[in-house]
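Here is the structure we will look at, set down as structure tokens.
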Amino acid sequence: MNTPNAIPNSKPASQWFLRILGLLIAAGVLIRIVLALIHPLTFPDSLDYLHLAHSIERGAPYRVTGMYAKRLPGYPIFMAGVLMTDGGHEMGILIWQALISGGLIYLAWRLGRQVDPLVGLLSAALVAIDPLLIGFSASYLSETIFTAAFLLTLLFYIQCCEQKNNWWRIGVFAILFVVDIYIRAEIALCIFPLLIYFTFAAGRKDCRQRAVKSLVVLAIIIAGLMPWWVRNWELFHSNFFRFSTLEGISLYESVYHGATGGPRQSRIKWPTYMKKLNESERDDRWTSMAFAAIRKHPWRVGRLAFIKLGRTWSPWLHAKGFRNPAVNVLLTFWYLVQYLFAIVGLWHLWLHRRNTLLAVTLIPILYLTAMHALFLGSVRYRVPLIPLLCFLAAIGVRQLYSAMMAGRLRPAARRE
């Protein structure tokens with residue numbers, strides 16, 4: 001008698017899975033294209049990105065709102081590339097993001113296959129219909145391409161952890177992580193817990209060799225980021241390892257006396273002397289003021305951290321203009337169910353000691369959660385983690401299916 005957990009591996013079964021995957025990718029891309037054509041979304045950050053993209057397209061200086069290092073160039077370069085090949089039509093950016101989302105569905109399938117084919121298909125299905133992934137694909141924001149790039153990076157990371165002769169994979173992983181940072185600098189420090197796990201996961205036998213590979217990864221990342229750091233040093237001659245000049249005020253608005261856990265930059269009163277400083281000096285000053293606020297009121301900052309966690313992991317939307325009651329009810333149901341099954345999936349990985357898959361899911365989730373407990377909290381910042389949550393939820397659904405099948409088979413076994 002077949003066990004309830006058995007997944008057929010025959011050629012017809014594999015072809016069936018691939019057909020379903022193809023349909024999921026096609027449906028996911030179509031939904032995203034339709035949303036982009038009907039209701040493209042523009043946010044305040046979108047205006048900066050579009051301005052920088054057009055500047056790159058025209059060969060103008062890389063500058064927005066008078067600032068030379070406000071935004072990292074990863075997403076604007078992608079946008080500019082689309083504009084150059086599509087006659088300057090901004091809608092082409094959203095169409096390409098819809099296609100990249102199709103690639104994200106495929107990557108979710110690849111991640112799920114690490115468990116079994118059914119989990120792969122369920123992961124792809126959940127990513128294909130996830131409301132936030134669909135919505136942000138139709139916006140001029142970096143979430144879509146960052147989420148796809150980061151998931152691809154994690155898939156190479158899994159291979160690095162599980163295969164010995166993997167020097168070329170180590171190089172690809174490092175290069176992909178550089179791309180991730182150029183899109184969203186907040187992920188930069190995540191490399192350290194990932195490399196710590198990679199170094200020590202195999203035990204003492206391979207620890208020394210893996211430590212050398214970790215150093216190679218860091219060297220490649222530093223070399224990849226060097227052009228941006230040198231460019232900013234030549235502009236400002238301060239803080240060589242600066243990613244952007246937006247970090248200081250972003251941290252300050254997250255912890256100062258008027259902070260609420262949400263966006264507050266428009267309500268911050270600038271000291272008179274601040275307007276006379278250049279953007280680098282302003283960034284350093286905002287950072288200094290932010291750490292002073294943290295030292296002066298640590299308990300208030302701790303209380304704000306819980307508020308930000310709530311905003312980041314909220315199943316409903318907080319932003320003004322997106323608080324439609326019907327939409328929020330549907331989102332709440334979808335994400336609470338997703339969270340429930342994700343916990344089951346996480347517990348399954350823990351019980352079966354799938355340590356690498358645990359690391360690939362937990363390290364980014366805990367890292368980005370901690371980052372946005374310090375900086376601003378928003379549903380938007382959870383988007384890169386959604387494919388990982390879908391993967392965990394797919395495992396949870398798979399376990400429910402297995403339990404149901406086992407329950408059906410037991411009475412039959414008794415009758416026999």
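Residue names in the structure tokens use chain letters A, B, ... in the order shown, residue numbers from 1 in each chain, and ligand numbers from 1 in the order shown.
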Helix (DSSP H, G or I) per DSSP on the backbone: members of segment 47-116 of chain A, as a PyMOL selection string = chain A and resi 47-58+74-85+91-112
With N, CA and C atoms retained, export the selected residues as a short mmCIF file (atom, residue, chain, number, x, y, z; two decimals), in the first residue's frame.
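And here is the file that came out, part_33.cif:
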```
data_model
loop_
_atom_site.label_atom_id
_atom_site.label_comp_id
_atom_site.auth_asym_id
_atom_site.auth_seq_id
_atom_site.Cartn_x
_atom_site.Cartn_y
_atom_site.Cartn_z
N LEU A 47 8.62 58.59 -7.47
CA LEU A 47 9.01 59.79 -8.21
C LEU A 47 10.53 59.93 -8.26
N ASP A 48 11.18 59.60 -7.15
CA ASP A 48 12.66 59.62 -7.13
C ASP A 48 13.22 58.62 -8.12
N TYR A 49 12.71 57.40 -8.08
CA TYR A 49 13.22 56.35 -8.96
C TYR A 49 13.01 56.70 -10.44
N LEU A 50 11.84 57.21 -10.77
CA LEU A 50 11.56 57.58 -12.16
C LEU A 50 12.46 58.71 -12.62
N HIS A 51 12.68 59.69 -11.74
CA HIS A 51 13.57 60.81 -12.09
C HIS A 51 14.98 60.31 -12.37
N LEU A 52 15.49 59.45 -11.50
CA LEU A 52 16.84 58.92 -11.67
C LEU A 52 16.95 58.06 -12.93
N ALA A 53 15.90 57.28 -13.20
CA ALA A 53 15.92 56.44 -14.40
C ALA A 53 15.99 57.29 -15.66
N HIS A 54 15.20 58.35 -15.70
CA HIS A 54 15.23 59.24 -16.87
C HIS A 54 16.57 59.97 -16.96
N SER A 55 17.17 60.28 -15.81
CA SER A 55 18.49 60.92 -15.83
C SER A 55 19.53 59.99 -16.45
N ILE A 56 19.50 58.71 -16.05
CA ILE A 56 20.44 57.74 -16.64
C ILE A 56 20.17 57.59 -18.13
N GLU A 57 18.89 57.54 -18.50
CA GLU A 57 18.51 57.39 -19.91
C GLU A 57 19.06 58.54 -20.76
N ARG A 58 19.00 59.77 -20.22
CA ARG A 58 19.44 60.95 -20.97
C ARG A 58 20.93 61.22 -20.81
N GLY A 74 20.78 50.46 -8.27
CA GLY A 74 20.34 49.19 -8.84
C GLY A 74 19.01 49.27 -9.56
N TYR A 75 17.97 49.73 -8.86
CA TYR A 75 16.63 49.80 -9.47
C TYR A 75 16.55 50.87 -10.56
N PRO A 76 17.09 52.08 -10.37
CA PRO A 76 17.08 53.05 -11.47
C PRO A 76 17.78 52.56 -12.73
N ILE A 77 18.86 51.79 -12.60
CA ILE A 77 19.54 51.25 -13.78
C ILE A 77 18.62 50.27 -14.51
N PHE A 78 17.94 49.43 -13.75
CA PHE A 78 16.96 48.52 -14.37
C PHE A 78 15.89 49.31 -15.11
N MET A 79 15.34 50.33 -14.47
CA MET A 79 14.29 51.14 -15.09
C MET A 79 14.81 51.84 -16.35
N ALA A 80 16.02 52.39 -16.25
CA ALA A 80 16.59 53.09 -17.40
C ALA A 80 16.82 52.13 -18.56
N GLY A 81 17.24 50.90 -18.26
CA GLY A 81 17.43 49.91 -19.32
C GLY A 81 16.14 49.63 -20.05
N VAL A 82 15.04 49.54 -19.31
CA VAL A 82 13.74 49.32 -19.95
C VAL A 82 13.35 50.54 -20.78
N LEU A 83 13.56 51.74 -20.24
CA LEU A 83 13.20 52.95 -20.97
C LEU A 83 13.97 53.06 -22.28
N MET A 84 15.24 52.68 -22.25
CA MET A 84 16.06 52.78 -23.45
C MET A 84 15.62 51.81 -24.54
N THR A 85 15.10 50.67 -24.14
CA THR A 85 14.70 49.65 -25.12
C THR A 85 13.22 49.74 -25.47
N MET A 91 5.37 52.59 -18.80
CA MET A 91 4.56 51.40 -18.60
C MET A 91 5.38 50.14 -18.88
N GLY A 92 6.38 50.24 -19.74
CA GLY A 92 7.23 49.09 -20.02
C GLY A 92 7.91 48.56 -18.78
N ILE A 93 8.20 49.44 -17.82
CA ILE A 93 8.83 49.02 -16.56
C ILE A 93 7.92 48.04 -15.82
N LEU A 94 6.63 48.37 -15.76
CA LEU A 94 5.69 47.51 -15.05
C LEU A 94 5.46 46.20 -15.79
N ILE A 95 5.49 46.25 -17.12
CA ILE A 95 5.34 45.01 -17.89
C ILE A 95 6.52 44.08 -17.60
N TRP A 96 7.72 44.65 -17.59
CA TRP A 96 8.90 43.84 -17.28
C TRP A 96 8.84 43.31 -15.85
N GLN A 97 8.32 44.11 -14.93
CA GLN A 97 8.19 43.63 -13.55
C GLN A 97 7.20 42.48 -13.47
N ALA A 98 6.15 42.53 -14.29
CA ALA A 98 5.20 41.41 -14.33
C ALA A 98 5.91 40.14 -14.81
N LEU A 99 6.77 40.29 -15.82
CA LEU A 99 7.52 39.13 -16.32
C LEU A 99 8.50 38.62 -15.28
N ILE A 100 9.14 39.53 -14.57
CA ILE A 100 10.06 39.12 -13.50
C ILE A 100 9.30 38.39 -12.40
N SER A 101 8.06 38.83 -12.16
CA SER A 101 7.23 38.11 -11.18
C SER A 101 6.95 36.69 -11.64
N GLY A 102 6.84 36.49 -12.95
CA GLY A 102 6.71 35.14 -13.47
C GLY A 102 7.95 34.32 -13.14
N GLY A 103 9.12 34.96 -13.26
CA GLY A 103 10.35 34.29 -12.86
C GLY A 103 10.37 33.99 -11.37
N LEU A 104 9.78 34.88 -10.56
CA LEU A 104 9.71 34.67 -9.12
C LEU A 104 8.86 33.44 -8.79
N ILE A 105 7.77 33.25 -9.54
CA ILE A 105 6.94 32.06 -9.36
C ILE A 105 7.75 30.81 -9.62
N TYR A 106 8.55 30.84 -10.69
CA TYR A 106 9.41 29.70 -11.01
C TYR A 106 10.43 29.46 -9.89
N LEU A 107 11.04 30.53 -9.38
CA LEU A 107 12.02 30.38 -8.30
C LEU A 107 11.37 29.81 -7.04
N ALA A 108 10.12 30.20 -6.76
CA ALA A 108 9.40 29.65 -5.62
C ALA A 108 9.20 28.15 -5.79
N TRP A 109 8.94 27.73 -7.03
CA TRP A 109 8.82 26.30 -7.32
C TRP A 109 10.14 25.59 -7.06
N ARG A 110 11.24 26.20 -7.50
CA ARG A 110 12.55 25.60 -7.28
C ARG A 110 12.86 25.46 -5.79
N LEU A 111 12.48 26.46 -5.01
CA LEU A 111 12.71 26.38 -3.56
C LEU A 111 11.86 25.27 -2.96
N GLY A 112 10.58 25.21 -3.33
CA GLY A 112 9.70 24.19 -2.78
C GLY A 112 10.12 22.79 -3.14
#
```
Write out as a list in words which residues come within 12 Å of Phe322 of chain A when counting only C-alpha atoms, dropping same-chain ones fewer than 2 positions away.
-> Leu41, Phe43, Gly135, Trp316, Leu317, His318, Ala319, Lys320, Asn324, Pro325, Ala326, Val327, Asn328, Leu331 and Val379 of chain A
Would you save the residues of that selection, restricted to C-alpha atoms, as an mmCIF file, in the first residue's frame?
```cif
data_model
loop_
_atom_site.group_PDB
_atom_site.id
_atom_site.type_symbol
_atom_site.label_atom_id
_atom_site.label_comp_id
_atom_site.auth_asym_id
_atom_site.auth_seq_id
_atom_site.Cartn_x
_atom_site.Cartn_y
_atom_site.Cartn_z
ATOM 1 C CA LEU A 41 0.633 52.528 -8.472
ATOM 2 C CA PHE A 43 4.290 56.290 -4.385
ATOM 3 C CA GLY A 135 0.157 44.804 -6.040
ATOM 4 C CA TRP A 316 -3.868 44.565 6.726
ATOM 5 C CA LEU A 317 -2.703 47.824 5.134
ATOM 6 C CA HIS A 318 -1.943 50.982 7.137
ATOM 7 C CA ALA A 319 -1.059 53.550 4.469
ATOM 8 C CA LYS A 320 -3.549 56.298 3.775
ATOM 9 C CA ASN A 324 -10.402 49.950 2.065
ATOM 10 C CA PRO A 325 -12.345 47.844 4.637
ATOM 11 C CA ALA A 326 -13.286 45.078 2.187
ATOM 12 C CA VAL A 327 -9.708 44.798 0.906
ATOM 13 C CA ASN A 328 -8.316 44.736 4.441
ATOM 14 C CA LEU A 331 -5.934 40.559 3.238
ATOM 15 C CA VAL A 379 3.815 46.053 5.209
#
```
Between A:Leu251, A:Ile20, A:Leu336, A:Leu151, which is the closest to Pro387 of chain A once you count only C-alpha atoms?
->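 Looking only at the distances to Pro387 of chain A, the closest residue turns out to be A:Leu151.
The smallest atom-to-atom distance between Glu186 of chain A and any of A:Phe243, A:Tyr68, A:Trp350, A:Phe291, using only C-alpha atoms, is found for A:Phe243.
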So, counting only C-alpha atoms, which residue among A:Leu309, A:Ile395, A:Val344, A:Val178 is closest to Ala370 of chain A?
-> A:Leu309
Can you tell me, as a ChimeraX atom specification, what residues are no more than 9 Å from Glu162 of chain A when counting only C-alpha atoms, ignoring any on the same chain fewer than 3 positions away?
-> /A:157-159,202,356
Please produce a file of the residues just selected, as an mmCIF file, in the first residue's frame, where the atoms kept are C-alpha atoms.
```cif
data_model
loop_
_atom_site.group_PDB
_atom_site.id
_atom_site.type_symbol
_atom_site.label_atom_id
_atom_site.label_comp_id
_atom_site.auth_asym_id
_atom_site.auth_seq_id
_atom_site.Cartn_x
_atom_site.Cartn_y
_atom_site.Cartn_z
ATOM 1 C CA TYR A 157 23.210 29.815 -1.139
ATOM 2 C CA ILE A 158 21.445 26.477 -0.583
ATOM 3 C CA GLN A 159 23.659 24.881 -3.230
ATOM 4 C CA ALA A 202 29.186 21.285 8.142
ATOM 5 C CA THR A 356 19.836 24.540 5.604
#
```
Proximity of segment 147-220 of chain A to segment 359-369 of chain A: per-residue shortest pair, 10 Å limit, only C-alpha atoms, as CSV:
```
residue,atom,partner,partner_atom,distance
A:Phe150,CA,A:Pro364,CA,9.8
A:Leu151,CA,A:Val360,CA,9.6
A:Leu154,CA,A:Val360,CA,6.6
A:Leu155,CA,A:Val360,CA,8.6
A:Tyr157,CA,A:Val360,CA,8.0
A:Ile158,CA,A:Val360,CA,7.3
A:Glu186,CA,A:Leu368,CA,8.1
A:Ile187,CA,A:Leu368,CA,7.6
A:Leu189,CA,A:Tyr367,CA,8.6
A:Cys190,CA,A:Tyr367,CA,6.5
A:Ile191,CA,A:Pro364,CA,9.6
A:Pro193,CA,A:Ile363,CA,7.0
A:Leu194,CA,A:Ile363,CA,7.0
A:Tyr197,CA,A:Ala359,CA,7.4
A:Phe198,CA,A:Ala359,CA,9.2
A:Ala201,CA,A:Ala359,CA,9.8
```
Contact residues around Tyr182 of chain A with only C-alpha atoms at 12 Å, ignoring same-chain residues under 6 positions, as a PyMOL selection string | chain A and resi 71-78+142+145-146+149-150+175-176+188+221+224-229+243-244
